[in-house]
$ cat entry.pdb   # PDB, C-alpha atoms
ATOM      1  CA  MET X  21       0.000   0.000   0.000
ATOM      2  CA  TYR X  22       1.165   3.525  -0.833
ATOM      3  CA  ARG X  23       0.141   6.734   0.884
ATOM      4  CA  PHE X  24       1.193  10.362   0.824
ATOM      5  CA  PHE X  25       2.677  11.879   3.938
ATOM      6  CA  VAL X  26       2.563  15.678   4.065
ATOM      7  CA  GLN X  27       4.976  18.268   5.440
ATOM      8  CA  PRO X  28       3.832  21.881   5.931
ATOM      9  CA  GLN X  29       5.457  24.855   4.258
ATOM     10  CA  ILE X  30       5.413  28.080   6.284
ATOM     11  CA  ASN X  31       5.462  31.742   5.300
ATOM     12  CA  GLN X  32       7.312  33.547   8.076
ATOM     13  CA  ASP X  33       5.801  36.883   7.031
ATOM     14  CA  ASP X  34       2.426  35.869   8.457
ATOM     15  CA  HIS X  35       3.296  32.497  10.092
ATOM     16  CA  ARG X  36       0.741  30.781   7.874
ATOM     17  CA  VAL X  37       0.865  27.319   6.326
ATOM     18  CA  PHE X  38       0.793  28.249   2.643
ATOM     19  CA  GLY X  39       1.245  24.719   1.334
ATOM     20  CA  TYR X  40       2.299  21.129   1.787
ATOM     21  CA  GLU X  41       4.839  18.919   0.090
ATOM     22  CA  VAL X  42       3.474  15.419  -0.380
ATOM     23  CA  LEU X  43       5.970  12.617   0.158
ATOM     24  CA  LEU X  44       5.281   9.110  -1.101
ATOM     25  CA  ARG X  45       5.619   6.269   1.398
ATOM     26  CA  LYS X  46       5.079   2.515   1.121
ATOM     27  CA  GLN X  47       3.738   0.323   3.912
ATOM     28  CA  GLU X  48       5.944  -2.632   4.748
ATOM     29  CA  GLU X  49       4.585  -4.664   7.650
ATOM     30  CA  ASP X  50       3.935  -2.077  10.392
ATOM     31  CA  ALA X  51       6.183   0.679   9.028
ATOM     32  CA  TRP X  52       5.929   3.371   6.346
ATOM     33  CA  VAL X  53       9.149   3.580   4.346
ATOM     34  CA  LEU X  54      10.520   5.270   1.250
ATOM     35  CA  PRO X  55       9.706   3.275  -1.894
ATOM     36  CA  HIS X  56      12.680   1.486  -3.429
ATOM     37  CA  HIS X  57      11.790   3.136  -6.734
ATOM     38  CA  PHE X  58       9.345   6.014  -7.034
ATOM     39  CA  THR X  59       8.317   4.675 -10.437
ATOM     40  CA  ASP X  60       6.935   1.507  -8.789
ATOM     41  CA  ILE X  61       3.618   3.347  -8.532
ATOM     42  CA  SER X  62       2.346   5.121 -11.622
ATOM     43  CA  VAL X  63       1.883   8.875 -11.784
ATOM     44  CA  ALA X  64      -1.815   8.187 -12.412
ATOM     45  CA  ASP X  65      -2.108   6.293  -9.127
ATOM     46  CA  GLN X  66      -0.178   9.044  -7.353
ATOM     47  CA  ALA X  67      -2.621  11.572  -8.817
ATOM     48  CA  LYS X  68      -5.528   9.677  -7.240
ATOM     49  CA  LEU X  69      -3.767   9.744  -3.871
ATOM     50  CA  LEU X  70      -3.042  13.436  -4.275
ATOM     51  CA  GLU X  71      -6.675  14.188  -5.102
ATOM     52  CA  ASP X  72      -7.701  12.487  -1.850
ATOM     53  CA  THR X  73      -5.032  14.451   0.023
ATOM     54  CA  ALA X  74      -6.255  17.778  -1.351
ATOM     55  CA  SER X  75      -9.781  16.909  -0.260
ATOM     56  CA  SER X  76      -8.689  15.859   3.244
ATOM     57  CA  LEU X  77      -6.611  19.010   3.793
ATOM     58  CA  HIS X  78      -9.234  21.348   2.269
ATOM     59  CA  THR X  79      -6.443  23.105   0.388
ATOM     60  CA  ALA X  80      -8.835  24.919  -1.948
ATOM     61  CA  VAL X  81     -10.769  26.473   0.943
ATOM     62  CA  ASN X  82      -7.581  27.296   2.843
ATOM     63  CA  ASN X  83      -5.821  28.752  -0.215
ATOM     64  CA  GLN X  84      -2.919  26.311   0.118
ATOM     65  CA  VAL X  85      -0.792  24.624  -2.513
ATOM     66  CA  LEU X  86       0.093  20.953  -2.845
ATOM     67  CA  ALA X  87       3.542  20.140  -4.216
ATOM     68  CA  PHE X  88       4.562  16.725  -5.450
ATOM     69  CA  ASN X  89       7.721  15.362  -6.979
ATOM     70  CA  LEU X  90       8.585  14.092 -10.431
ATOM     71  CA  ASN X  91      11.921  12.622 -11.477
ATOM     72  CA  ASN X  92      13.156  12.580 -15.053
ATOM     73  CA  GLN X  93      11.902   9.081 -15.764
ATOM     74  CA  GLN X  94       8.401  10.131 -14.733
ATOM     75  CA  LEU X  95       8.646  13.457 -16.567
ATOM     76  CA  ARG X  96       9.572  11.674 -19.799
ATOM     77  CA  ASN X  97       6.649   9.269 -19.618
ATOM     78  CA  PRO X  98       4.282  10.406 -22.405
ATOM     79  CA  LEU X  99       1.274   9.923 -20.107
ATOM     80  CA  THR X 100       2.543  12.123 -17.281
ATOM     81  CA  LEU X 101       1.673  15.552 -18.651
ATOM     82  CA  GLY X 102      -1.935  14.630 -19.390
ATOM     83  CA  THR X 103      -2.276  13.032 -15.961
ATOM     84  CA  VAL X 104      -1.020  16.162 -14.224
ATOM     85  CA  ILE X 105      -3.308  18.458 -16.215
ATOM     86  CA  ALA X 106      -6.336  16.242 -15.530
ATOM     87  CA  LEU X 107      -5.456  16.231 -11.823
ATOM     88  CA  LYS X 108      -5.336  20.020 -11.723
ATOM     89  CA  LYS X 109      -8.774  20.213 -13.308
ATOM     90  CA  ARG X 110     -10.209  17.774 -10.761
ATOM     91  CA  ILE X 111      -8.842  19.560  -7.695
ATOM     92  CA  ALA X 112      -9.472  23.116  -8.992
ATOM     93  CA  PRO X 113      -9.495  25.709  -7.551
ATOM     94  CA  ALA X 114      -6.857  24.096  -5.304
ATOM     95  CA  ALA X 115      -3.301  25.056  -6.273
ATOM     96  CA  LEU X 116      -0.827  22.480  -7.563
ATOM     97  CA  THR X 117       2.944  22.644  -7.919
ATOM     98  CA  ILE X 118       5.314  20.150  -9.516
ATOM     99  CA  GLU X 119       8.758  19.772  -7.941
ATOM    100  CA  LEU X 120      11.355  18.466 -10.401
ATOM    101  CA  THR X 121      13.865  16.422  -8.431
ATOM    102  CA  GLU X 122      16.254  16.235 -11.392
ATOM    103  CA  ALA X 123      17.163  18.776 -14.029
ATOM    104  CA  PRO X 124      15.647  17.849 -17.402
ATOM    105  CA  THR X 125      17.096  18.980 -20.694
ATOM    106  CA  LEU X 126      16.418  22.543 -21.770
ATOM    107  CA  GLU X 127      14.045  21.409 -24.505
ATOM    108  CA  GLU X 128      12.138  19.179 -22.079
ATOM    109  CA  MET X 129      11.867  22.060 -19.626
ATOM    110  CA  LYS X 130      10.572  24.459 -22.271
ATOM    111  CA  GLN X 131       7.845  22.082 -23.393
ATOM    112  CA  PHE X 132       6.769  20.985 -19.913
ATOM    113  CA  SER X 133       6.821  24.515 -18.516
ATOM    114  CA  LEU X 134       4.717  25.898 -21.362
ATOM    115  CA  ALA X 135       2.143  23.145 -20.977
ATOM    116  CA  VAL X 136       1.673  23.204 -17.197
ATOM    117  CA  HIS X 137       1.639  26.983 -16.925
ATOM    118  CA  GLN X 138      -1.319  27.109 -19.314
ATOM    119  CA  TYR X 139      -3.297  25.340 -16.583
ATOM    120  CA  GLY X 140      -1.997  27.389 -13.659
ATOM    121  CA  ILE X 141       0.318  24.658 -12.372
ATOM    122  CA  GLY X 142       3.485  25.888 -10.675
ATOM    123  CA  LEU X 143       6.936  24.502 -11.440
ATOM    124  CA  VAL X 144       9.835  24.112  -9.015
ATOM    125  CA  LEU X 145      13.455  22.998  -9.258
ATOM    126  CA  ASP X 146      14.240  20.996  -6.127
ATOM    127  CA  ASP X 147      17.556  20.628  -4.283
ATOM    128  CA  VAL X 148      19.355  23.450  -6.074
ATOM    129  CA  GLY X 149      23.052  23.661  -5.341
ATOM    130  CA  THR X 150      23.495  19.987  -4.460
ATOM    131  CA  GLY X 151      24.003  16.827  -6.487
ATOM    132  CA  SER X 152      23.716  17.493 -10.201
ATOM    133  CA  ASN X 153      21.590  20.619  -9.672
ATOM    134  CA  THR X 154      24.523  23.002  -9.654
ATOM    135  CA  TYR X 155      24.055  26.523 -10.973
ATOM    136  CA  GLN X 156      26.056  25.689 -14.088
ATOM    137  CA  ASN X 157      23.720  22.793 -14.861
ATOM    138  CA  ILE X 158      20.409  24.556 -14.209
ATOM    139  CA  ARG X 159      20.931  28.241 -14.988
ATOM    140  CA  ASP X 160      19.356  27.956 -18.459
ATOM    141  CA  LEU X 161      16.313  26.273 -16.889
ATOM    142  CA  LEU X 162      15.620  29.008 -14.339
ATOM    143  CA  PRO X 163      13.549  31.271 -16.630
ATOM    144  CA  TYR X 164      11.004  28.461 -16.993
ATOM    145  CA  VAL X 165      10.270  27.785 -13.310
ATOM    146  CA  ASP X 166       8.481  29.715 -10.586
ATOM    147  CA  GLU X 167      10.402  28.566  -7.555
ATOM    148  CA  ILE X 168      13.602  26.932  -6.352
ATOM    149  CA  LYS X 169      14.187  24.902  -3.191
ATOM    150  CA  PHE X 170      17.402  24.768  -1.228
ATOM    151  CA  ALA X 171      17.728  21.776   1.121
ATOM    152  CA  MET X 172      20.086  22.424   4.022
ATOM    153  CA  GLN X 173      19.838  18.787   5.102
ATOM    154  CA  ASN X 174      21.662  17.689   1.952
ATOM    155  CA  LEU X 175      24.805  19.584   2.963
ATOM    156  CA  ARG X 176      24.482  18.446   6.560
ATOM    157  CA  MET X 177      24.281  14.793   5.542
ATOM    158  CA  SER X 178      27.337  15.154   3.309
ATOM    159  CA  GLY X 179      29.358  16.765   6.122
ATOM    160  CA  GLU X 180      29.394  20.167   4.416
ATOM    161  CA  ALA X 181      27.204  22.152   6.806
ATOM    162  CA  ASP X 182      29.821  24.910   6.940
ATOM    163  CA  LEU X 183      28.971  25.716   3.304
ATOM    164  CA  ILE X 184      25.329  26.513   4.084
ATOM    165  CA  PRO X 185      25.631  30.281   4.769
ATOM    166  CA  ALA X 186      27.563  31.027   1.576
ATOM    167  CA  SER X 187      25.264  28.779  -0.449
ATOM    168  CA  LEU X 188      22.186  30.495   0.953
ATOM    169  CA  ALA X 189      23.607  33.905   0.115
ATOM    170  CA  PHE X 190      24.222  32.765  -3.455
ATOM    171  CA  TRP X 191      20.801  31.204  -4.052
ATOM    172  CA  ALA X 192      18.995  34.097  -2.401
ATOM    173  CA  GLN X 193      20.713  36.372  -4.901
ATOM    174  CA  ILE X 194      19.802  34.056  -7.791
ATOM    175  CA  SER X 195      16.161  34.005  -6.693
ATOM    176  CA  ARG X 196      16.069  37.798  -6.723
ATOM    177  CA  GLU X 197      17.817  37.998 -10.086
ATOM    178  CA  TYR X 198      15.383  35.577 -11.750
ATOM    179  CA  ARG X 199      12.333  36.742  -9.737
ATOM    180  CA  LEU X 200      11.812  33.294  -8.231
ATOM    181  CA  ARG X 201      10.338  32.231  -4.934
ATOM    182  CA  LEU X 202      12.893  30.452  -2.734
ATOM    183  CA  ILE X 203      11.874  27.815  -0.196
ATOM    184  CA  LEU X 204      14.415  26.885   2.459
ATOM    185  CA  GLU X 205      14.115  23.229   3.365
ATOM    186  CA  GLY X 206      15.607  21.590   6.452
ATOM    187  CA  VAL X 207      14.721  24.304   8.979
ATOM    188  CA  GLU X 208      15.185  22.610  12.345
ATOM    189  CA  ASP X 209      15.620  25.298  15.001
ATOM    190  CA  ALA X 210      15.712  29.003  15.832
ATOM    191  CA  ASP X 211      19.279  29.299  14.531
ATOM    192  CA  ASP X 212      18.103  28.137  11.110
ATOM    193  CA  GLN X 213      15.293  30.670  11.242
ATOM    194  CA  ALA X 214      17.764  33.444  12.085
ATOM    195  CA  LEU X 215      20.030  32.387   9.206
ATOM    196  CA  ALA X 216      17.104  32.473   6.801
ATOM    197  CA  LYS X 217      16.099  35.909   8.050
ATOM    198  CA  GLN X 218      19.638  37.149   7.458
ATOM    199  CA  PHE X 219      19.202  36.427   3.736
ATOM    200  CA  GLY X 220      15.573  37.502   3.514
ATOM    201  CA  ILE X 221      14.226  33.970   3.030
ATOM    202  CA  THR X 222      10.690  33.820   4.407
ATOM    203  CA  LEU X 223       9.389  30.535   2.950
ATOM    204  CA  HIS X 224      10.392  27.621   5.158
ATOM    205  CA  GLN X 225       9.969  23.856   5.421
ATOM    206  CA  GLY X 226      11.444  21.508   7.993
ATOM    207  CA  TYR X 227      11.104  19.541  11.214
ATOM    208  CA  LEU X 228      10.752  22.748  13.236
ATOM    209  CA  TYR X 229       7.290  23.150  11.716
ATOM    210  CA  GLY X 230       6.349  19.484  11.486
ATOM    211  CA  LYS X 231       7.649  16.129  10.377
ATOM    212  CA  PRO X 232       5.995  14.405   7.426
ATOM    213  CA  SER X 233       2.761  12.838   8.654
ATOM    214  CA  LEU X 234      -0.306  11.039   7.377
ATOM    215  CA  VAL X 235      -3.335  13.220   6.787
TER     216      VAL X 235
END
$ encode --input "entry.pdb" --output "structure tokens"
Amino acid sequence: MYRFFVQPQINQDDHRVFGYEVLLRKQEEDAWVLPHHFTDISVADQAKLLEDTASSLHTAVNNQVLAFNLNNQQLRNPLTLGTVIALKKRIAPAALTIELTEAPTLEEMKQFSLAVHQYGIGLVLDDVGTGSNTYQNIRDLLPYVDEIKFAMQNLRMSGEADLIPASLAFWAQISREYRLRLILEGVEDADDQALAKQFGITLHQGYLYGKPSLV
């Protein structure tokens, strides 16, 4: 069995939950764990789960967005785009955002961005600055997205936490230059909040505000 866990996203300007990231989990015996492969469940089946999640959270009434992830294999599936558009129509007027966990090619980004934006679906590049999502690799993609996410936990897990302040300064500047929203992920305590405030980052996600949980 698969279910979506949700983690709140907070706007520090008004301390309001403006959205949720949905995180796919698989039940194995009495535990919910990360799937071995996110493609083990189709995007169509994930869309059904996400529709139920939107209904349970009343995101349309509360003016909140739901964000869910797509990797490149899912993005390149010819059925994915139609599934996402149909989902947006079913949950309207609830807001929907797609988080791309990997950088597609420029041509793929152009086509996908044009299509989803016609239906009011937001587009995000996840985990900027870590893994393959370096600035050099994604800078040509930035004009086609609405938002970027910087995950502090990625640098902490790799033993590079000392790089976080300089990285935040850089990506905050990039977000201003490209007129993008920037979500800071991995906010765990008041020190993280203060660091975000130093760089003018008001959109937060992390354990300080809530661990991923079942609706």
$ atom_distance --input "entry.pdb" --atom1 "atom CA of X:Leu143" --atom2 "atom CA of X:His56"
25.0 Å
$ resolve_selection --input "entry.pdb" --expression "the PyMOL selection byres ((chain X and resi 147) around 9)" --output "ChimeraX atom specification"
/X:120-122,145-146,148-151,153,168-172,174,205
$ residues_around --input "entry.pdb" --residues "X:Asp33" --least-positions-apart "3" --cutoff "10 Å" --atoms "only C-alpha atoms" --output "NGL selection string"
:X and (30 or 36 or 221-223)
$ residues_near_point --input "entry.pdb" --point "(16.0, 31.4, 7.8)" --cutoff "12 Å" --atoms "only C-alpha atoms" --output "VMD selection string"
chain X and resid 30 to 33 170 to 172 184 to 185 188 to 189 192 202 to 226 228
$ resolve_selection --input "entry.pdb" --expression "the PyMOL selection byres ((chain X and resi 84) around 12)" --output "PyMOL selection string"
chain X and resi 28-31+36-41+74-75+77-83+85-87+111-117
$ closest_residue --input "entry.pdb" --among "X:Gln173, X:Ser233, X:Ser152, X:Ser76" --to "X:Phe24" --atoms "all atoms listed in the file"
X:Ser233
$ residues_around --input "entry.pdb" --residues "X:Glu128" --least-positions-apart "6" --cutoff "10 Å" --atoms "all atoms listed in the file" --output "ChimeraX atom specification"
/X:92,95-96,161
$ write_last_selection --input "entry.pdb" --atoms "C-alpha atoms" --output "PDB file, in the frame of the given file"
ATOM      1  CA  ASN X  92      13.156  12.580 -15.053  1.00  0.00           C
ATOM      2  CA  LEU X  95       8.646  13.457 -16.567  1.00  0.00           C
ATOM      3  CA  ARG X  96       9.572  11.674 -19.799  1.00  0.00           C
ATOM      4  CA  LEU X 161      16.313  26.273 -16.889  1.00  0.00           C
TER       5      LEU X 161
END
$ residues_around --input "entry.pdb" --residues "X:Ala106" --least-positions-apart "3" --cutoff "12 Å" --atoms "all atoms listed in the file" --output "JSON list (two decimals) with C-alpha atoms, keeping the file's coordinate frame"
[["chain", "number", "residue", "atom", "x", "y", "z"],
["X", 63, "VAL", "CA", 1.88, 8.88, -11.78],
["X", 64, "ALA", "CA", -1.82, 8.19, -12.41],
["X", 67, "ALA", "CA", -2.62, 11.57, -8.82],
["X", 68, "LYS", "CA", -5.53, 9.68, -7.24],
["X", 71, "GLU", "CA", -6.68, 14.19, -5.10],
["X", 99, "LEU", "CA", 1.27, 9.92, -20.11],
["X", 100, "THR", "CA", 2.54, 12.12, -17.28],
["X", 101, "LEU", "CA", 1.67, 15.55, -18.65],
["X", 102, "GLY", "CA", -1.94, 14.63, -19.39],
["X", 103, "THR", "CA", -2.28, 13.03, -15.96],
["X", 109, "LYS", "CA", -8.77, 20.21, -13.31],
["X", 110, "ARG", "CA", -10.21, 17.77, -10.76],
["X", 111, "ILE", "CA", -8.84, 19.56, -7.70],
["X", 112, "ALA", "CA", -9.47, 23.12, -8.99],
["X", 116, "LEU", "CA", -0.83, 22.48, -7.56],
["X", 136, "VAL", "CA", 1.67, 23.20, -17.20],
["X", 139, "TYR", "CA", -3.30, 25.34, -16.58],
["X", 141, "ILE", "CA", 0.32, 24.66, -12.37]]
$ axis_aligned_box --input "entry.pdb" --around "stretch 178-194 of chain X" --padding-each-side "8 Å" --output "AutoDock Vina command-line options"
--center_x 24.4 --center_y 25.8 --center_z -0.4 --size_x 26.8 --size_y 37.2 --size_z 30.7
$ atom_distance --input "entry.pdb" --atom1 "atom CA of X:Leu134" --atom2 "atom CA of X:Val165"
10.0 Å
$ residues_around --input "entry.pdb" --residues "stretch 195-200 of chain X" --least-positions-apart "5" --cutoff "9 Å" --atoms "only C-alpha atoms" --output "mmCIF file with C-alpha atoms, keeping the file's coordinate frame"
data_model
loop_
_atom_site.group_PDB
_atom_site.id
_atom_site.type_symbol
_atom_site.label_atom_id
_atom_site.label_comp_id
_atom_site.auth_asym_id
_atom_site.auth_seq_id
_atom_site.Cartn_x
_atom_site.Cartn_y
_atom_site.Cartn_z
ATOM 1 C CA LEU X 162 15.620 29.008 -14.339
ATOM 2 C CA PRO X 163 13.549 31.271 -16.630
ATOM 3 C CA VAL X 165 10.270 27.785 -13.310
ATOM 4 C CA ASP X 166 8.481 29.715 -10.586
ATOM 5 C CA GLU X 167 10.402 28.566 -7.555
ATOM 6 C CA ILE X 168 13.602 26.932 -6.352
ATOM 7 C CA PHE X 190 24.222 32.765 -3.455
#
$ atom_distance --input "entry.pdb" --atom1 "atom CA of X:Thr73" --atom2 "atom CA of X:Tyr164"
27.3 Å
$ closest_residue --input "entry.pdb" --among "X:Gln47, X:Ser178, X:Gln66, X:Ser187" --to "X:Leu107" --atoms "all atoms listed in the file"
X:Gln66
$ resolve_selection --input "entry.pdb" --expression "the PyMOL selection byres ((chain X and resi 44) around 8)" --output "list of chain:residue names"
X:Tyr22, X:Arg23, X:Phe24, X:Phe25, X:Val42, X:Leu43, X:Arg45, X:Lys46, X:Leu54, X:Pro55, X:Phe58
$ closest_residue --input "entry.pdb" --among "X:Trp191, X:Tyr229, X:Asp50, X:Ile61" --to "X:Thr154" --atoms "all atoms listed in the file"
X:Trp191
$ closest_residue --input "entry.pdb" --among "X:Pro232, X:Pro124, X:Pro98, X:Gly179" --to "X:Val144" --atoms "only C-alpha atoms"
X:Pro124
$ decode --input "entry.pdb" --residues "stretch 150-175 of chain X" --atoms "N, CA, C and O atoms" --output "short mmCIF file (atom, residue, chain, number, x, y, z; two decimals), in the first residue's frame"
data_model
loop_
_atom_site.label_atom_id
_atom_site.label_comp_id
_atom_site.auth_asym_id
_atom_site.auth_seq_id
_atom_site.Cartn_x
_atom_site.Cartn_y
_atom_site.Cartn_z
N THR X 150 22.94 21.26 -4.91
CA THR X 150 23.50 19.99 -4.46
C THR X 150 23.29 18.94 -5.54
O THR X 150 22.43 19.08 -6.42
N GLY X 151 24.09 17.87 -5.48
CA GLY X 151 24.00 16.83 -6.49
C GLY X 151 24.32 17.39 -7.86
O GLY X 151 25.25 18.18 -8.04
N SER X 152 23.50 17.01 -8.84
CA SER X 152 23.72 17.49 -10.20
C SER X 152 23.06 18.85 -10.45
O SER X 152 23.23 19.42 -11.53
N ASN X 153 22.31 19.35 -9.48
CA ASN X 153 21.59 20.62 -9.67
C ASN X 153 22.45 21.83 -9.32
O ASN X 153 22.03 22.72 -8.57
N THR X 154 23.65 21.85 -9.84
CA THR X 154 24.52 23.00 -9.65
C THR X 154 24.03 24.16 -10.52
O THR X 154 23.27 23.96 -11.48
N TYR X 155 24.48 25.36 -10.20
CA TYR X 155 24.05 26.52 -10.97
C TYR X 155 24.42 26.37 -12.44
O TYR X 155 23.64 26.70 -13.33
N GLN X 156 25.61 25.86 -12.70
CA GLN X 156 26.06 25.69 -14.09
C GLN X 156 25.10 24.78 -14.86
O GLN X 156 24.86 25.00 -16.05
N ASN X 157 24.58 23.76 -14.18
CA ASN X 157 23.72 22.79 -14.86
C ASN X 157 22.28 23.28 -15.03
O ASN X 157 21.57 22.81 -15.93
N ILE X 158 21.83 24.19 -14.18
CA ILE X 158 20.41 24.56 -14.21
C ILE X 158 20.14 26.01 -14.59
O ILE X 158 18.98 26.39 -14.75
N ARG X 159 21.18 26.81 -14.79
CA ARG X 159 20.93 28.24 -14.99
C ARG X 159 20.05 28.52 -16.21
O ARG X 159 19.24 29.45 -16.19
N ASP X 160 20.17 27.72 -17.27
CA ASP X 160 19.36 27.96 -18.46
C ASP X 160 17.92 27.51 -18.26
O ASP X 160 17.03 27.84 -19.07
N LEU X 161 17.67 26.74 -17.18
CA LEU X 161 16.31 26.27 -16.89
C LEU X 161 15.54 27.26 -16.02
O LEU X 161 14.30 27.21 -15.97
N LEU X 162 16.25 28.14 -15.34
CA LEU X 162 15.62 29.01 -14.34
C LEU X 162 14.53 29.92 -14.90
O LEU X 162 13.53 30.18 -14.20
N PRO X 163 14.63 30.42 -16.13
CA PRO X 163 13.55 31.27 -16.63
C PRO X 163 12.21 30.55 -16.77
O PRO X 163 11.17 31.21 -16.89
N TYR X 164 12.22 29.23 -16.72
CA TYR X 164 11.00 28.46 -16.99
C TYR X 164 10.33 27.93 -15.73
O TYR X 164 9.32 27.23 -15.82
N VAL X 165 10.87 28.25 -14.56
CA VAL X 165 10.27 27.78 -13.31
C VAL X 165 9.82 28.98 -12.48
O VAL X 165 10.17 30.13 -12.76
N ASP X 166 9.02 28.68 -11.46
CA ASP X 166 8.48 29.71 -10.59
C ASP X 166 9.20 29.78 -9.25
O ASP X 166 9.12 30.79 -8.54
N GLU X 167 9.90 28.71 -8.92
CA GLU X 167 10.40 28.57 -7.55
C GLU X 167 11.61 27.64 -7.55
O GLU X 167 11.74 26.74 -8.39
N ILE X 168 12.50 27.86 -6.60
CA ILE X 168 13.60 26.93 -6.35
C ILE X 168 13.59 26.55 -4.88
O ILE X 168 13.11 27.32 -4.03
N LYS X 169 14.11 25.36 -4.59
CA LYS X 169 14.19 24.90 -3.19
C LYS X 169 15.64 24.58 -2.86
O LYS X 169 16.32 23.91 -3.64
N PHE X 170 16.06 25.08 -1.71
CA PHE X 170 17.40 24.77 -1.23
C PHE X 170 17.26 23.91 0.03
O PHE X 170 16.62 24.32 1.00
N ALA X 171 17.87 22.73 0.01
CA ALA X 171 17.73 21.78 1.12
C ALA X 171 18.99 21.75 1.97
O ALA X 171 20.01 21.18 1.57
N MET X 172 18.92 22.39 3.14
CA MET X 172 20.09 22.42 4.02
C MET X 172 20.50 21.03 4.47
O MET X 172 21.69 20.76 4.70
N GLN X 173 19.51 20.12 4.61
CA GLN X 173 19.84 18.79 5.10
C GLN X 173 20.77 18.03 4.17
O GLN X 173 21.52 17.16 4.61
N ASN X 174 20.76 18.37 2.89
CA ASN X 174 21.66 17.69 1.95
C ASN X 174 23.13 17.98 2.29
O ASN X 174 23.98 17.08 2.26
N LEU X 175 23.43 19.23 2.60
CA LEU X 175 24.80 19.58 2.96
C LEU X 175 25.17 19.04 4.34
O LEU X 175 26.32 18.66 4.58
#
